[in-house]
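Written out below as structure tokens is the structure these notes cover.
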Amino acid sequence: MGMLVATALAGRMLRAFRLPLGSLWGSLAALLCWLRAAFWWPAVERGQQQLGEEEEEDRMVPTSVNYHFSRQCNYKCGFCFHTAKTSFVLPLEEARRGLLLLKEAGMEKINFSGGEPFLQDRGEYLGKLVKFCKVELGLPSVSVVSNGSLIRERWFRDYGEYLDILAVSCDSFDEQVNVLIGRGQGRKNHVETLQKLNKWCKDYRVAFKINSVINRFNVEEDMRGPITALNPVRWKVFQCLLIEGENCGEDALREAERFLISEEEFEGFLERHREVSCLVPECNQKMKDSYLILDEYMRFLNCRKGRKDPSRSILDVGVERAIKFSGFDEKMFLRRGGKYVWSKADMKLDW
């Protein structure tokens, strides 16, 4: 290609200089136009193409999103890092509009959390969003994280078919420890509730998952027997994490410092439970920036500075603009196993 351009240039110059002086200027002007077309425009086009490719590479896709649509909760867990700082909940149609925007931007999995998601309208608000995401949006995976205390079997009858995974928070199988942590509910027994929900998940074909936050009060506990008996599809084990403005600092509603454990203590807990096949551990470093978190206003929350700095709402500026301020670390998301078999249709479960 370069040889052809050089040959063409030499030919044009020779023809130009054979012309009389009066015609020379016109020929030189034509020659300059030709040079511009031959060299400058292709370079511009290559630059624009490269820029477009770079923008495409930089475009963040919200593959898996955690939507905390409410901050209200009926428990008072001392280490909670998403506390009841507001009572706001979006109107149902606005929440659906935001979820549609996320699907159009590439979302494959939605996880509804809180607060306690079953607190709003006795679970009806949540159920309608779960059904919308599975039926209208056709998402491969719809999941919920709950403390389990407000779930009734009727909810499973109405919405269980649209839910892929129910994750129930359980930090201890000792009821006295649950009370110390803040999961006490009077005469209700948190462990008994967990066992009942496990049965309902099997009855209504929902994958059952357990989330545990390892802290000062349960770090020495041996959970191998109860976890093996319950046999969840995943047992997510988190290290207690401080978030300024949520569970530490001047404006916080919790003081989680007394719940903290060291990296070595967390590793000791994992070592004791290494034979549990469903164990999925997450230390603070893996957890902090590897989640796409939407708050009750549908703003992405950036946790990179140890606090939750909100973006503008996706309802106002769209997903592509808002997600740039999310602080999301996609490499860490993949490294911690954030993408897994998350659709119950693809799980080999013995219902």
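Starting from 1 in every chain, residues are counted up; chains themselves are A, B, ... following the order of the structure tokens, and ligands are numbered from 1 as listed.
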For this session: Please run DSSP on the backbone and report, as a ChimeraX atom specification, all residues within segment 21-253 of chain A that come out as strand (DSSP E or B).
Result: /A:64-68,109-113,141-146,165-169,185,188,207-214,234-239,244,248
Restricting the output to C-alpha atoms, write the selected residues as a PDB file, in the first residue's frame.
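Saved file out.pdb follows:
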ATOM      1  CA  SER A  64     -24.405  -8.695  38.418  1.00  0.00           C
ATOM      2  CA  VAL A  65     -26.152  -5.991  40.457  1.00  0.00           C
ATOM      3  CA  ASN A  66     -27.080  -5.822  44.151  1.00  0.00           C
ATOM      4  CA  TYR A  67     -30.145  -3.606  44.620  1.00  0.00           C
ATOM      5  CA  HIS A  68     -30.722  -2.507  48.232  1.00  0.00           C
ATOM      6  CA  LYS A 109     -28.203 -11.251  37.572  1.00  0.00           C
ATOM      7  CA  ILE A 110     -30.104  -9.120  40.085  1.00  0.00           C
ATOM      8  CA  ASN A 111     -29.824  -9.613  43.830  1.00  0.00           C
ATOM      9  CA  PHE A 112     -32.424  -7.898  46.028  1.00  0.00           C
ATOM     10  CA  SER A 113     -31.289  -6.971  49.506  1.00  0.00           C
ATOM     11  CA  SER A 141     -30.716 -15.191  37.704  1.00  0.00           C
ATOM     12  CA  VAL A 142     -32.877 -13.494  40.336  1.00  0.00           C
ATOM     13  CA  SER A 143     -31.835 -13.808  43.980  1.00  0.00           C
ATOM     14  CA  VAL A 144     -32.748 -12.400  47.388  1.00  0.00           C
ATOM     15  CA  VAL A 145     -30.778 -11.919  50.614  1.00  0.00           C
ATOM     16  CA  SER A 146     -32.918 -11.951  53.755  1.00  0.00           C
ATOM     17  CA  ILE A 165     -31.637 -18.300  44.912  1.00  0.00           C
ATOM     18  CA  LEU A 166     -32.679 -17.382  48.438  1.00  0.00           C
ATOM     19  CA  ALA A 167     -29.709 -16.454  50.629  1.00  0.00           C
ATOM     20  CA  VAL A 168     -30.477 -16.425  54.354  1.00  0.00           C
ATOM     21  CA  SER A 169     -28.177 -14.653  56.785  1.00  0.00           C
ATOM     22  CA  GLN A 185     -36.284 -11.967  67.932  1.00  0.00           C
ATOM     23  CA  LYS A 188     -38.460 -16.816  67.794  1.00  0.00           C
ATOM     24  CA  ALA A 207     -31.764 -22.831  45.512  1.00  0.00           C
ATOM     25  CA  PHE A 208     -30.880 -22.337  49.192  1.00  0.00           C
ATOM     26  CA  LYS A 209     -27.804 -20.344  50.208  1.00  0.00           C
ATOM     27  CA  ILE A 210     -26.397 -19.207  53.577  1.00  0.00           C
ATOM     28  CA  ASN A 211     -24.475 -15.981  54.285  1.00  0.00           C
ATOM     29  CA  SER A 212     -22.373 -15.676  57.443  1.00  0.00           C
ATOM     30  CA  VAL A 213     -20.389 -12.693  58.751  1.00  0.00           C
ATOM     31  CA  ILE A 214     -17.461 -13.887  60.816  1.00  0.00           C
ATOM     32  CA  ARG A 234     -23.254 -21.922  48.562  1.00  0.00           C
ATOM     33  CA  TRP A 235     -22.084 -20.872  52.005  1.00  0.00           C
ATOM     34  CA  LYS A 236     -20.775 -17.329  51.631  1.00  0.00           C
ATOM     35  CA  VAL A 237     -18.461 -16.443  54.520  1.00  0.00           C
ATOM     36  CA  PHE A 238     -17.592 -12.758  54.936  1.00  0.00           C
ATOM     37  CA  GLN A 239     -15.081 -11.087  57.188  1.00  0.00           C
ATOM     38  CA  GLU A 244     -17.497   4.849  57.464  1.00  0.00           C
ATOM     39  CA  CYS A 248     -18.178   3.384  62.180  1.00  0.00           C
TER      40      CYS A 248
END
For this session: Please provide the set of residues having any atom within 12 Å of segment 103-108 of chain A, restricted to only C-alpha atoms, with same-chain residues fewer than 4 positions apart removed, written as a ChimeraX atom specification.
Result: /A:59-67,96-99,132-134,136-143,292,314,318-323,339-343
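Pairwise distance (atom CA of Asp164 of chain A, atom CA of Arg274 of chain A) equals 26.2 Å.
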Problem set entry | Spatial neighbours of Phe217 of chain A, 10 Å, only C-alpha atoms, chain gap at least 2 places, as a VMD selection string | chain A and resid 171 to 172 177 to 178 180 to 181 214 to 215 219 to 221 258 to 261
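Counting only C-alpha atoms and comparing A:Ala84, A:Tyr297, A:Gly327, A:Phe69, the residue that lies closest to Leu315 of chain A is A:Tyr297.
In terms of minimum interatomic distance to Lys196 of chain A, A:Leu230 ranks closest within A:Asp121, A:Leu230, A:Glu175, A:Ala95, counting only C-alpha atoms.
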For this session: Using only C-alpha atoms, pick whichever of A:Glu93, A:Glu250, A:Glu192, A:Glu271 has the shortest atom-to-atom distance to Ser149 of chain A.
Result: A:Glu192
For the contact check between segment 219-335 of chain A and segment 114-120 of chain A, emit one row per residue of segment 219-335 of chain A within 12 Å, containing the shortest atom pair and the distance in Å rounded to one decimal, counting only C-alpha atoms, chain then rising number order, as a tab-separated table.
residue	atom	partner	partner_atom	distance
A:Ile293	CA	A:Gly114	CA	10.9
A:Leu294	CA	A:Gly114	CA	10.4
A:Asp295	CA	A:Gly114	CA	8.8
A:Glu296	CA	A:Gly114	CA	8.8
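The smallest atom-to-atom distance between Asn147 of chain A and any of A:Ile227, A:Leu197, A:Leu101, A:Val130, using only C-alpha atoms, is found for A:Leu197.
Nearest residue to Ser313 of chain A among A:Phe266, A:Phe325, A:Tyr162, A:Phe300 is A:Phe300, counting only C-alpha atoms.
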Surrounding residues of Asp222 of chain A excluding itself and chain neighbours under 4 positions, 9 Å, only C-alpha atoms, as a tab-separated table (two decimals) with C-alpha atoms, in the first residue's frame:
chain	number	residue	atom	x	y	z
A	218	ASN	CA	-18.53	-16.44	66.27
A	226	PRO	CA	-25.00	-27.69	60.83
A	269	PHE	CA	-11.94	-19.95	60.75
A	272	ARG	CA	-11.25	-25.09	60.36
A	273	HIS	CA	-14.02	-25.31	57.72
Seminar exercise, completed: Min atom-atom distance to His82 of chain A from the set A:Asn189, A:Thr228, A:Asn247, A:Asn198, counting only C-alpha atoms, belongs to A:Asn247
